[in-house]
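Peer 1: So that you have it, the file is entry.txt, and it contains compact mmCIF, C-alpha atoms:
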```
# COMPACT_ATOMS: atom_id res chain seq x y z
CA MET Z 1 -35.69 -94.81 -109.77
CA SER Z 2 -39.17 -95.85 -108.79
CA SER Z 3 -41.40 -93.17 -110.22
CA ALA Z 4 -44.42 -94.46 -112.03
CA SER Z 5 -43.08 -93.27 -115.36
CA SER Z 6 -39.82 -95.21 -115.24
CA LYS Z 7 -40.29 -98.84 -116.11
CA ARG Z 8 -38.20 -101.55 -114.53
CA ASP Z 9 -34.71 -101.61 -116.01
CA ASP Z 10 -32.49 -103.41 -113.55
CA THR Z 11 -30.37 -105.43 -115.98
CA ALA Z 12 -29.25 -102.72 -118.38
CA GLU Z 13 -25.63 -102.76 -117.20
CA VAL Z 14 -24.91 -106.26 -118.48
CA ARG Z 15 -24.11 -106.53 -122.20
CA PRO Z 16 -27.07 -107.94 -124.13
CA GLN Z 17 -24.79 -110.63 -125.57
CA GLU Z 18 -24.30 -111.98 -122.03
CA ARG Z 19 -28.03 -112.03 -121.37
CA GLY Z 20 -29.38 -113.59 -124.53
CA CYS Z 21 -28.73 -115.24 -127.82
CA ALA Z 22 -29.65 -114.70 -131.46
CA LEU Z 23 -31.79 -116.83 -133.74
CA VAL Z 24 -31.44 -116.52 -137.50
CA THR Z 25 -34.06 -118.41 -139.46
CA GLY Z 26 -32.95 -119.78 -142.78
CA GLY Z 27 -29.39 -119.34 -141.58
CA SER Z 28 -27.63 -122.08 -143.49
CA ARG Z 29 -27.24 -120.30 -146.80
CA GLY Z 30 -27.06 -116.97 -148.58
CA ILE Z 31 -28.10 -113.88 -146.68
CA GLY Z 32 -29.02 -115.86 -143.55
CA ALA Z 33 -25.58 -117.47 -143.34
CA ALA Z 34 -23.92 -114.07 -143.66
CA ILE Z 35 -26.17 -112.65 -140.93
CA ALA Z 36 -25.41 -115.59 -138.64
CA GLY Z 37 -21.67 -115.09 -139.14
CA GLY Z 38 -21.95 -111.36 -138.61
CA LEU Z 39 -23.95 -111.60 -135.39
CA ALA Z 40 -21.52 -114.21 -134.06
CA ALA Z 41 -18.66 -111.82 -134.84
CA ASP Z 42 -20.52 -109.22 -132.79
CA GLY Z 43 -20.44 -111.57 -129.81
CA TRP Z 44 -23.84 -113.23 -130.03
CA PHE Z 45 -24.37 -116.92 -129.48
CA VAL Z 46 -26.23 -117.75 -132.67
CA GLY Z 47 -28.85 -120.38 -133.41
CA VAL Z 48 -28.50 -121.18 -137.10
CA ASN Z 49 -31.93 -122.41 -138.11
CA TYR Z 50 -32.30 -124.50 -141.24
CA ARG Z 51 -34.99 -126.68 -142.74
CA SER Z 52 -33.15 -129.20 -144.87
CA GLY Z 53 -29.55 -128.08 -145.39
CA ALA Z 54 -27.98 -129.82 -142.40
CA GLU Z 55 -24.55 -129.92 -143.98
CA ALA Z 56 -24.65 -126.26 -144.97
CA ALA Z 57 -25.81 -125.27 -141.47
CA GLN Z 58 -22.99 -127.29 -139.98
CA GLU Z 59 -20.53 -125.45 -142.23
CA VAL Z 60 -21.87 -122.09 -141.07
CA VAL Z 61 -21.51 -123.17 -137.45
CA ALA Z 62 -17.99 -124.48 -138.08
CA ALA Z 63 -16.94 -121.25 -139.80
CA ILE Z 64 -18.28 -119.27 -136.85
CA ALA Z 65 -16.35 -121.47 -134.41
CA THR Z 66 -13.15 -121.07 -136.46
CA ALA Z 67 -13.60 -117.31 -136.28
CA GLY Z 68 -13.86 -117.57 -132.49
CA GLY Z 69 -17.65 -117.31 -132.19
CA SER Z 70 -20.35 -119.59 -130.85
CA ALA Z 71 -23.25 -121.09 -132.77
CA VAL Z 72 -25.39 -124.19 -133.01
CA PRO Z 73 -27.48 -125.55 -135.84
CA VAL Z 74 -31.21 -125.66 -135.07
CA GLN Z 75 -33.26 -127.72 -137.47
CA GLY Z 76 -36.90 -126.84 -138.00
CA ASP Z 77 -39.40 -125.79 -140.64
CA VAL Z 78 -40.52 -122.36 -139.42
CA SER Z 79 -43.90 -122.79 -141.08
CA ALA Z 80 -44.71 -125.97 -139.14
CA ASP Z 81 -47.25 -125.97 -136.30
CA GLY Z 82 -45.59 -125.20 -132.99
CA ALA Z 83 -42.26 -124.45 -134.66
CA ALA Z 84 -41.67 -121.19 -132.81
CA ASP Z 85 -41.98 -122.65 -129.32
CA GLU Z 86 -39.92 -125.66 -130.25
CA LEU Z 87 -37.07 -123.65 -131.78
CA PHE Z 88 -36.95 -121.34 -128.80
CA ALA Z 89 -36.96 -124.21 -126.33
CA ARG Z 90 -34.16 -126.02 -128.15
CA LEU Z 91 -32.04 -122.92 -128.41
CA LEU Z 92 -32.57 -122.16 -124.71
CA GLU Z 93 -31.43 -125.70 -123.95
CA GLU Z 94 -28.32 -125.36 -126.13
CA SER Z 95 -27.28 -121.87 -125.09
CA GLY Z 96 -28.83 -121.47 -121.66
CA LEU Z 97 -29.97 -118.05 -122.88
CA PRO Z 98 -33.27 -116.61 -124.06
CA VAL Z 99 -33.56 -115.23 -127.58
CA LEU Z 100 -32.96 -111.47 -127.52
CA VAL Z 101 -32.17 -111.09 -131.22
CA LEU Z 102 -34.50 -112.61 -133.78
CA VAL Z 103 -33.79 -112.38 -137.47
CA ASN Z 104 -36.71 -113.56 -139.57
CA ASN Z 105 -34.84 -114.41 -142.70
CA ALA Z 106 -36.27 -117.75 -143.83
CA GLY Z 107 -38.01 -117.28 -147.12
CA ILE Z 108 -39.11 -119.24 -150.12
CA THR Z 109 -40.40 -118.46 -153.58
CA ALA Z 110 -43.01 -120.29 -155.61
CA ASP Z 111 -43.40 -118.07 -158.63
CA GLY Z 112 -46.16 -118.02 -161.19
CA LEU Z 113 -48.27 -115.44 -162.94
CA SER Z 114 -51.37 -114.71 -160.90
CA PRO Z 115 -53.93 -116.35 -163.22
CA GLN Z 116 -52.02 -119.59 -162.72
CA LEU Z 117 -50.78 -119.25 -159.16
CA SER Z 118 -52.17 -122.17 -157.17
CA ASP Z 119 -53.62 -121.91 -153.68
CA ASP Z 120 -50.83 -124.15 -152.51
CA ASP Z 121 -48.09 -121.89 -153.92
CA TRP Z 122 -49.83 -118.84 -152.51
CA GLY Z 123 -50.22 -120.44 -149.09
CA ARG Z 124 -46.73 -121.88 -148.78
CA VAL Z 125 -45.08 -118.54 -149.46
CA ILE Z 126 -47.39 -116.63 -147.10
CA ASP Z 127 -46.91 -119.28 -144.39
CA THR Z 128 -43.13 -119.30 -144.49
CA ASN Z 129 -42.36 -115.69 -145.36
CA LEU Z 130 -45.03 -113.94 -143.30
CA SER Z 131 -47.02 -116.10 -140.85
CA ALA Z 132 -43.93 -117.86 -139.51
CA ALA Z 133 -42.26 -114.50 -138.95
CA PHE Z 134 -45.27 -113.38 -136.93
CA ARG Z 135 -45.32 -116.53 -134.80
CA LEU Z 136 -41.61 -116.31 -134.12
CA THR Z 137 -41.98 -112.63 -133.28
CA ARG Z 138 -44.81 -113.39 -130.85
CA ALA Z 139 -42.74 -116.05 -129.13
CA ALA Z 140 -39.63 -113.86 -129.02
CA LEU Z 141 -41.43 -110.93 -127.42
CA ARG Z 142 -41.96 -112.90 -124.24
CA PRO Z 143 -38.25 -113.05 -123.26
CA MET Z 144 -37.57 -109.67 -124.84
CA LEU Z 145 -40.25 -107.83 -122.87
CA LYS Z 146 -39.03 -109.50 -119.73
CA ALA Z 147 -35.43 -108.50 -120.47
CA ARG Z 148 -36.39 -104.94 -121.44
CA PHE Z 149 -34.21 -105.49 -124.48
CA GLY Z 150 -34.78 -107.08 -127.83
CA ARG Z 151 -33.97 -106.74 -131.48
CA ILE Z 152 -36.18 -108.16 -134.19
CA VAL Z 153 -35.03 -107.75 -137.77
CA ASN Z 154 -37.25 -108.93 -140.58
CA VAL Z 155 -35.68 -109.62 -143.92
CA ALA Z 156 -38.19 -108.13 -146.34
CA SER Z 157 -37.46 -107.19 -149.93
CA VAL Z 158 -37.64 -104.33 -152.36
CA VAL Z 159 -40.21 -106.55 -154.03
CA GLY Z 160 -43.60 -105.78 -152.56
CA VAL Z 161 -43.47 -102.28 -151.14
CA ASN Z 162 -41.08 -100.71 -153.65
CA ARG Z 163 -41.15 -102.82 -156.78
CA ALA Z 164 -43.31 -105.25 -158.66
CA ASN Z 165 -41.83 -108.44 -159.97
CA ALA Z 166 -44.18 -110.20 -162.35
CA GLY Z 167 -44.79 -113.75 -161.18
CA GLN Z 168 -44.30 -112.98 -157.50
CA ALA Z 169 -47.72 -111.88 -156.22
CA ASN Z 170 -47.39 -114.26 -153.27
CA TYR Z 171 -43.83 -113.22 -152.44
CA ALA Z 172 -44.64 -109.51 -152.83
CA ALA Z 173 -47.71 -109.82 -150.60
CA ALA Z 174 -45.72 -111.64 -147.93
CA LYS Z 175 -42.83 -109.19 -148.01
CA ALA Z 176 -45.10 -106.13 -147.99
CA GLY Z 177 -46.98 -107.76 -145.12
CA LEU Z 178 -43.71 -108.17 -143.29
CA VAL Z 179 -43.13 -104.42 -143.49
CA GLY Z 180 -46.59 -103.77 -142.02
CA LEU Z 181 -45.94 -106.31 -139.28
CA THR Z 182 -42.60 -104.66 -138.55
CA LYS Z 183 -44.08 -101.20 -138.10
CA THR Z 184 -47.00 -102.35 -135.99
CA VAL Z 185 -45.08 -104.53 -133.57
CA ALA Z 186 -42.43 -101.81 -133.31
CA ALA Z 187 -45.08 -99.36 -132.11
CA GLU Z 188 -46.45 -101.89 -129.61
CA VAL Z 189 -43.20 -102.66 -127.82
CA ALA Z 190 -40.99 -99.61 -128.32
CA ARG Z 191 -41.36 -98.51 -124.71
CA ARG Z 192 -39.68 -101.70 -123.52
CA GLY Z 193 -36.36 -101.29 -125.29
CA VAL Z 194 -37.40 -103.76 -127.97
CA THR Z 195 -36.87 -102.58 -131.54
CA VAL Z 196 -38.41 -104.11 -134.63
CA ASN Z 197 -37.03 -103.22 -138.03
CA ALA Z 198 -36.77 -104.63 -141.51
CA VAL Z 199 -34.12 -104.70 -144.15
CA ALA Z 200 -35.14 -104.73 -147.78
CA PRO Z 201 -32.51 -106.31 -149.99
CA GLY Z 202 -32.51 -105.67 -153.69
CA LEU Z 203 -30.67 -107.96 -156.07
CA ILE Z 204 -28.29 -110.01 -153.94
CA GLU Z 205 -26.08 -112.86 -155.17
CA THR Z 206 -27.58 -115.99 -153.61
CA ASP Z 207 -28.89 -119.37 -154.75
CA MET Z 208 -32.38 -117.92 -154.62
CA THR Z 209 -31.61 -115.21 -157.16
CA ASP Z 210 -29.38 -117.37 -159.34
CA GLY Z 211 -30.26 -116.76 -162.97
CA ILE Z 212 -32.96 -114.16 -162.41
CA GLY Z 213 -30.74 -111.12 -162.06
CA GLU Z 214 -29.41 -110.45 -165.54
CA GLY Z 215 -32.32 -108.34 -166.69
CA LEU Z 216 -32.58 -106.53 -163.37
CA LEU Z 217 -28.88 -105.74 -163.19
CA ALA Z 218 -29.20 -103.00 -165.80
CA ALA Z 219 -31.65 -101.22 -163.47
CA VAL Z 220 -29.25 -101.24 -160.51
CA PRO Z 221 -27.35 -97.94 -160.32
CA ALA Z 222 -24.45 -99.69 -158.56
CA ARG Z 223 -24.16 -101.89 -161.67
CA ARG Z 224 -23.63 -105.00 -159.66
CA ALA Z 225 -25.55 -107.38 -157.44
CA GLY Z 226 -25.09 -107.03 -153.70
CA ARG Z 227 -23.28 -109.51 -151.51
CA PRO Z 228 -25.00 -111.29 -148.61
CA GLU Z 229 -22.49 -109.63 -146.25
CA GLU Z 230 -23.74 -106.24 -147.37
CA VAL Z 231 -27.23 -107.14 -146.19
CA ALA Z 232 -25.81 -108.68 -143.02
CA ALA Z 233 -24.07 -105.37 -142.26
CA ALA Z 234 -27.46 -103.64 -142.10
CA VAL Z 235 -28.88 -106.37 -139.86
CA ARG Z 236 -25.87 -106.18 -137.55
CA PHE Z 237 -26.32 -102.44 -137.24
CA LEU Z 238 -30.03 -102.78 -136.43
CA ALA Z 239 -29.27 -105.52 -133.89
CA GLY Z 240 -26.57 -103.47 -132.21
CA ALA Z 241 -26.58 -101.05 -129.32
CA ASP Z 242 -26.09 -98.04 -131.62
CA ALA Z 243 -29.50 -98.63 -133.23
CA SER Z 244 -31.40 -98.34 -129.95
CA TYR Z 245 -33.61 -95.45 -131.13
CA ILE Z 246 -34.35 -96.89 -134.56
CA THR Z 247 -37.55 -98.86 -134.72
CA GLY Z 248 -40.34 -99.54 -137.19
CA THR Z 249 -38.19 -98.66 -140.15
CA THR Z 250 -37.05 -100.50 -143.24
CA LEU Z 251 -33.47 -100.17 -144.32
CA THR Z 252 -33.13 -100.71 -148.03
CA VAL Z 253 -29.97 -102.42 -149.25
CA ASP Z 254 -30.23 -102.38 -153.01
CA GLY Z 255 -27.37 -100.49 -154.66
CA GLY Z 256 -29.80 -97.72 -155.51
CA LEU Z 257 -32.35 -99.90 -157.33
CA THR Z 258 -35.33 -98.14 -155.72
CA ALA Z 259 -33.70 -94.74 -155.36
CA MET F 1 -50.72 -127.33 -110.76
CA PRO F 2 -50.58 -126.83 -106.97
CA THR F 3 -53.65 -125.18 -105.50
CA VAL F 4 -53.24 -121.49 -104.93
CA THR F 5 -55.25 -119.44 -102.51
CA PRO F 6 -56.92 -116.17 -103.47
CA GLN F 7 -54.62 -114.50 -100.96
CA GLN F 8 -51.54 -115.82 -102.77
CA VAL F 9 -52.88 -114.66 -106.13
CA GLU F 10 -53.60 -111.22 -104.72
CA GLU F 11 -50.10 -110.90 -103.29
CA ARG F 12 -48.52 -112.07 -106.53
CA VAL F 13 -50.57 -109.71 -108.70
CA ILE F 14 -49.75 -106.76 -106.46
CA GLU F 15 -46.07 -107.64 -106.52
CA ALA F 16 -46.11 -107.98 -110.31
CA VAL F 17 -47.99 -104.72 -110.85
CA ALA F 18 -45.59 -102.91 -108.52
CA SER F 19 -42.69 -104.24 -110.58
CA PHE F 20 -44.04 -102.30 -113.57
CA GLY F 21 -43.29 -98.99 -111.85
CA PRO F 22 -45.81 -97.84 -109.22
CA GLU F 23 -45.04 -97.76 -105.51
CA LYS F 24 -46.23 -100.95 -103.89
CA GLU F 25 -48.38 -99.13 -101.32
CA ASP F 26 -50.33 -97.53 -104.17
CA VAL F 27 -51.18 -100.90 -105.67
CA VAL F 28 -54.47 -101.61 -103.90
CA ARG F 29 -57.61 -103.34 -105.12
CA ASP F 30 -59.46 -100.12 -105.94
CA ALA F 31 -56.57 -98.49 -107.78
CA THR F 32 -57.12 -98.20 -111.51
CA PHE F 33 -54.37 -99.26 -113.84
CA GLU F 34 -54.65 -95.88 -115.48
CA SER F 35 -53.94 -94.08 -112.20
CA LEU F 36 -50.96 -96.35 -111.62
CA ASP F 37 -49.64 -95.69 -115.14
CA VAL F 38 -49.84 -99.40 -115.82
CA ASP F 39 -50.44 -99.76 -119.54
CA SER F 40 -51.81 -102.43 -121.85
CA LEU F 41 -48.37 -103.90 -122.43
CA ASP F 42 -47.88 -104.23 -118.66
CA LEU F 43 -51.13 -106.19 -118.52
CA VAL F 44 -49.85 -108.46 -121.27
CA GLU F 45 -46.80 -109.09 -119.11
CA LEU F 46 -49.01 -109.74 -116.10
CA GLY F 47 -50.80 -112.26 -118.30
CA GLN F 48 -47.48 -113.99 -119.04
CA ILE F 49 -46.64 -114.16 -115.35
CA VAL F 50 -49.95 -115.72 -114.30
CA GLN F 51 -49.82 -118.11 -117.22
CA ASP F 52 -46.35 -119.27 -116.23
CA GLU F 53 -47.14 -119.51 -112.53
CA TYR F 54 -50.80 -120.53 -112.38
CA GLY F 55 -51.56 -121.77 -115.88
CA VAL F 56 -54.19 -119.05 -116.18
CA GLU F 57 -54.63 -117.54 -119.60
CA LEU F 58 -55.63 -113.91 -119.98
CA LYS F 59 -56.92 -113.38 -123.50
CA SER F 60 -56.91 -110.15 -125.47
CA ASP F 61 -60.72 -109.98 -124.99
CA ASP F 62 -60.19 -109.88 -121.23
CA MET F 63 -57.86 -106.92 -121.25
CA PRO F 64 -60.34 -104.07 -121.82
CA LYS F 65 -62.42 -105.32 -118.87
CA LEU F 66 -59.54 -105.02 -116.45
CA LYS F 67 -59.84 -101.49 -115.07
CA THR F 68 -58.62 -101.96 -111.52
CA VAL F 69 -56.14 -104.13 -109.67
CA GLY F 70 -59.13 -105.86 -108.06
CA ASP F 71 -60.61 -106.70 -111.49
CA ALA F 72 -57.39 -108.50 -112.41
CA ILE F 73 -57.16 -110.32 -109.09
CA ASP F 74 -60.78 -111.49 -109.26
CA LEU F 75 -60.49 -112.73 -112.84
CA ILE F 76 -57.26 -114.60 -112.16
CA VAL F 77 -58.63 -116.12 -108.95
CA SER F 78 -61.78 -117.27 -110.76
CA ARG F 79 -59.71 -119.03 -113.42
CA ALA F 80 -57.08 -120.44 -111.09
CA SER F 81 -59.62 -122.33 -109.03
```
Starting from the coordinates I provided, produce the structure as structure tokens.
Peer 2:
Amino acid sequence: MSSASSKRDDTAEVRPQERGCALVTGGSRGIGAAIAGGLAADGWFVGVNYRSGAEAAQEVVAAIATAGGSAVPVQGDVSADGAADELFARLLEESGLPVLVLVNNAGITADGLSPQLSDDDWGRVIDTNLSAAFRLTRAALRPMLKARFGRIVNVASVVGVNRANAGQANYAAAKAGLVGLTKTVAAEVARRGVTVNAVAPGLIETDMTDGIGEGLLAAVPARRAGRPEEVAAAVRFLAGADASYITGTTLTVDGGLTA
Amino acid sequence: MPTVTPQQVEERVIEAVASFGPEKEDVVRDATFESLDVDSLDLVELGQIVQDEYGVELKSDDMPKLKTVGDAIDLIVSRAS
């Protein structure tokens, strides 16, 4: 077990859920809340990150506890300076466990047609949806590389790589960037048992998509919007043991919208 | 940060490199990382270890210059002092 080609792997027998916890950014609502609940149901201690929805985050945590899982709310704006280190430190303090599952879900929109899109609206969306995901990924790789196990799942979108949505140049750029980030980091760390994947939701019923889906619905072969739980199912799969050989890919969850 | 001796750094680096796979007796100053099958990601991990333990930062610019175990030891010693 000590040949030069076999890297250290002395903790593989213990379930990952005993060795680490999960962090879901933007976990208080919508898709993030469903992912948090799903990962908790799979046995992960979950940090439910939120920026301003303290009450909603508390409800997610309470629902997880009622279902027999463990979770804590972790407040923090992922786009703030030093946010990654701070979130990880607080979650380590609360759970006693390093982050071995990171779900970069926090996302915002600030729509406007390109001729009128301000630098501020461009920057805010790139900061939260892309740069924060990179910084959290960088911080998460430290415990993951050490543990020889890790799961990073980036919540991208069909907007960007697969579809154009007029008024969302910033969002599309961030989400397409997230797919590039996913593939690159996946290639860098694959040999350490750390996988990095993305899910690309289509039209999903959440506050964020409230009121914008009617026109799009006609283009969805499934003839309905997706539910947050249906996106969470893909994330749970990618975070699970069965997905150990899947890395650098994007799993589209869109009812056939981009088929 | 408590003072560390070059000897301590050398021992720690050798121990860390050996933990990446090679036999400890093969991890000598003149051994190249390539010959030991120690890759760039291993060196990143070595960087994390020396940062945690000695407060020494190995930057991405440093990595291509580190060809042998001795190169790494010397660089870390020079920054730890």
Peer 1: Report, in Å with one decimal, the straight-line distance from atom CA of Ala222 of chain Z to atom CA of Pro201 of chain Z.
Peer 2: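 According to the coordinates, atom CA of Ala222 of chain Z and atom CA of Pro201 of chain Z are separated by 13.5 Å.
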Peer 1: What's around Asp26 of chain F at 12 Å? Count all atoms listed in the file, leave out sequence neighbours fewer than 6 positions away in its own chain, and write the answer as number ranges by chain.
Peer 2: Z: 3-4; F: 14-15, 17-18, 32-33, 35-38, 68-69
Peer 1: Taking into account all atoms listed in the file, which residue in the set Z:Arg163, Z:Arg227, Z:Arg142, Z:Arg15 is nearest to Gln51 of chain F?
Peer 2: Z:Arg142
Peer 1: Kindly indicate which residue among Z:Asp210, Z:Thr249, Z:Arg148, Z:Arg29 lies nearest to chain F, using only C-alpha atoms for the distances.
Peer 2: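 For chain F, the nearest of the candidates is Z:Arg148.
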Peer 1: Find the distance between atom CA of Pro115 of chain Z and atom CA of Ser131 of chain Z and write it in Å to one decimal.
Peer 2: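 Separating atom CA of Pro115 of chain Z from atom CA of Ser131 of chain Z is a distance of 23.4 Å.
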Peer 1: Show me, as a list in words, the residues of chain F whose atoms get within 6 Å of chain Z, using all atoms listed in the file for the distance check.
Peer 2: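 Close enough to count are Phe20, Gly21 and Pro22 of chain F.
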Peer 1: Show which residues sit within 12 Å of Ile126 of chain Z, as a VMD selection string. Count only C-alpha atoms, and ignore same-chain residues fewer than 2 positions away.
Peer 2: chain Z and resid 78 to 79 106 to 110 119 to 124 128 to 134 168 to 178
Peer 1: Show me, as a PDB file with C-alpha atoms, keeping the file's coordinate frame, the residues that have an atom within 12 Å of segment 5-8 of chain F when counting only C-alpha atoms, minus same-chain residues fewer than 4 positions from it.
Peer 2:
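Ended up saving to part35.pdb:
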```
ATOM      1  CA  ARG F  12     -48.520-112.070-106.530  1.00  0.00           C
ATOM      2  CA  VAL F  13     -50.570-109.710-108.700  1.00  0.00           C
ATOM      3  CA  ILE F  14     -49.750-106.760-106.460  1.00  0.00           C
ATOM      4  CA  GLU F  15     -46.070-107.640-106.520  1.00  0.00           C
ATOM      5  CA  VAL F  50     -49.950-115.720-114.300  1.00  0.00           C
ATOM      6  CA  GLU F  53     -47.140-119.510-112.530  1.00  0.00           C
ATOM      7  CA  TYR F  54     -50.800-120.530-112.380  1.00  0.00           C
ATOM      8  CA  GLY F  70     -59.130-105.860-108.060  1.00  0.00           C
ATOM      9  CA  ALA F  72     -57.390-108.500-112.410  1.00  0.00           C
ATOM     10  CA  ILE F  73     -57.160-110.320-109.090  1.00  0.00           C
ATOM     11  CA  ASP F  74     -60.780-111.490-109.260  1.00  0.00           C
ATOM     12  CA  LEU F  75     -60.490-112.730-112.840  1.00  0.00           C
ATOM     13  CA  ILE F  76     -57.260-114.600-112.160  1.00  0.00           C
ATOM     14  CA  VAL F  77     -58.630-116.120-108.950  1.00  0.00           C
ATOM     15  CA  SER F  78     -61.780-117.270-110.760  1.00  0.00           C
ATOM     16  CA  ARG F  79     -59.710-119.030-113.420  1.00  0.00           C
ATOM     17  CA  ALA F  80     -57.080-120.440-111.090  1.00  0.00           C
ATOM     18  CA  SER F  81     -59.620-122.330-109.030  1.00  0.00           C
TER      19      SER F  81
END
```
Peer 1: Step by step: start from the point (-31.9, -105.4, -140.1) in the file's coordinates, keep every protein, DNA or RNA residue that has an atom no farther than 10 Å from it, count only C-alpha atoms, and write the set as an MDAnalysis selection string.
Peer 2: chainID Z and resid 35 102:105 151:156 196:201 231:240 243 249:253
Peer 1: Write out the residues from the selection above, keeping C-alpha atoms, as a compact mmCIF listing (two decimals), in the frame of the given file.
Peer 2:
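For reference, again20.txt as written:
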```txt
# COMPACT_ATOMS: atom_id res chain seq x y z
CA ILE Z 35 -26.17 -112.65 -140.93
CA LEU Z 102 -34.50 -112.61 -133.78
CA VAL Z 103 -33.79 -112.38 -137.47
CA ASN Z 104 -36.71 -113.56 -139.57
CA ASN Z 105 -34.84 -114.41 -142.70
CA ARG Z 151 -33.97 -106.74 -131.48
CA ILE Z 152 -36.18 -108.16 -134.19
CA VAL Z 153 -35.03 -107.75 -137.77
CA ASN Z 154 -37.25 -108.93 -140.58
CA VAL Z 155 -35.68 -109.62 -143.92
CA ALA Z 156 -38.19 -108.13 -146.34
CA VAL Z 196 -38.41 -104.11 -134.63
CA ASN Z 197 -37.03 -103.22 -138.03
CA ALA Z 198 -36.77 -104.63 -141.51
CA VAL Z 199 -34.12 -104.70 -144.15
CA ALA Z 200 -35.14 -104.73 -147.78
CA PRO Z 201 -32.51 -106.31 -149.99
CA VAL Z 231 -27.23 -107.14 -146.19
CA ALA Z 232 -25.81 -108.68 -143.02
CA ALA Z 233 -24.07 -105.37 -142.26
CA ALA Z 234 -27.46 -103.64 -142.10
CA VAL Z 235 -28.88 -106.37 -139.86
CA ARG Z 236 -25.87 -106.18 -137.55
CA PHE Z 237 -26.32 -102.44 -137.24
CA LEU Z 238 -30.03 -102.78 -136.43
CA ALA Z 239 -29.27 -105.52 -133.89
CA GLY Z 240 -26.57 -103.47 -132.21
CA ALA Z 243 -29.50 -98.63 -133.23
CA THR Z 249 -38.19 -98.66 -140.15
CA THR Z 250 -37.05 -100.50 -143.24
CA LEU Z 251 -33.47 -100.17 -144.32
CA THR Z 252 -33.13 -100.71 -148.03
CA VAL Z 253 -29.97 -102.42 -149.25
```
Peer 1: Might I get the box with edges along x, y and z of the file that holds all atoms of segment 46-57 of chain F listed there, padded by 6 Å on every side, given as centre and edge lengths in Å to one decimal, as JSON?
Peer 2:
```
{"center_x": -50.5, "center_y": -115.8, "center_z": -116.0, "size_x": 20.3, "size_y": 24.0, "size_z": 19.2}
```
Peer 1: Find the spatial neighbours of segment 83-93 of chain Z, counting only C-alpha atoms, within a cut-off of 9 Å - ignore same-chain residues fewer than 6 positions away - and output them as an mmCIF file with C-alpha atoms, keeping the file's coordinate frame.
Peer 2:
```cif
data_model
loop_
_atom_site.group_PDB
_atom_site.id
_atom_site.type_symbol
_atom_site.label_atom_id
_atom_site.label_comp_id
_atom_site.auth_asym_id
_atom_site.auth_seq_id
_atom_site.Cartn_x
_atom_site.Cartn_y
_atom_site.Cartn_z
ATOM 1 C CA CYS Z 21 -28.730 -115.240 -127.820
ATOM 2 C CA LEU Z 23 -31.790 -116.830 -133.740
ATOM 3 C CA VAL Z 46 -26.230 -117.750 -132.670
ATOM 4 C CA GLY Z 47 -28.850 -120.380 -133.410
ATOM 5 C CA ASN Z 49 -31.930 -122.410 -138.110
ATOM 6 C CA VAL Z 72 -25.390 -124.190 -133.010
ATOM 7 C CA VAL Z 74 -31.210 -125.660 -135.070
ATOM 8 C CA GLN Z 75 -33.260 -127.720 -137.470
ATOM 9 C CA GLY Z 76 -36.900 -126.840 -138.000
ATOM 10 C CA ASP Z 77 -39.400 -125.790 -140.640
ATOM 11 C CA VAL Z 99 -33.560 -115.230 -127.580
ATOM 12 C CA ALA Z 132 -43.930 -117.860 -139.510
ATOM 13 C CA ARG Z 135 -45.320 -116.530 -134.800
ATOM 14 C CA LEU Z 136 -41.610 -116.310 -134.120
ATOM 15 C CA THR Z 137 -41.980 -112.630 -133.280
ATOM 16 C CA ARG Z 138 -44.810 -113.390 -130.850
ATOM 17 C CA ALA Z 139 -42.740 -116.050 -129.130
ATOM 18 C CA ALA Z 140 -39.630 -113.860 -129.020
#
```
Peer 1: I'd like the interatomic distance between atom CA of Gly256 of chain Z and atom CA of Val220 of chain Z, to a tenth of an Å.
Peer 2: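 Computed distance, atom CA of Gly256 of chain Z to atom CA of Val220 of chain Z, equals 6.1 Å.
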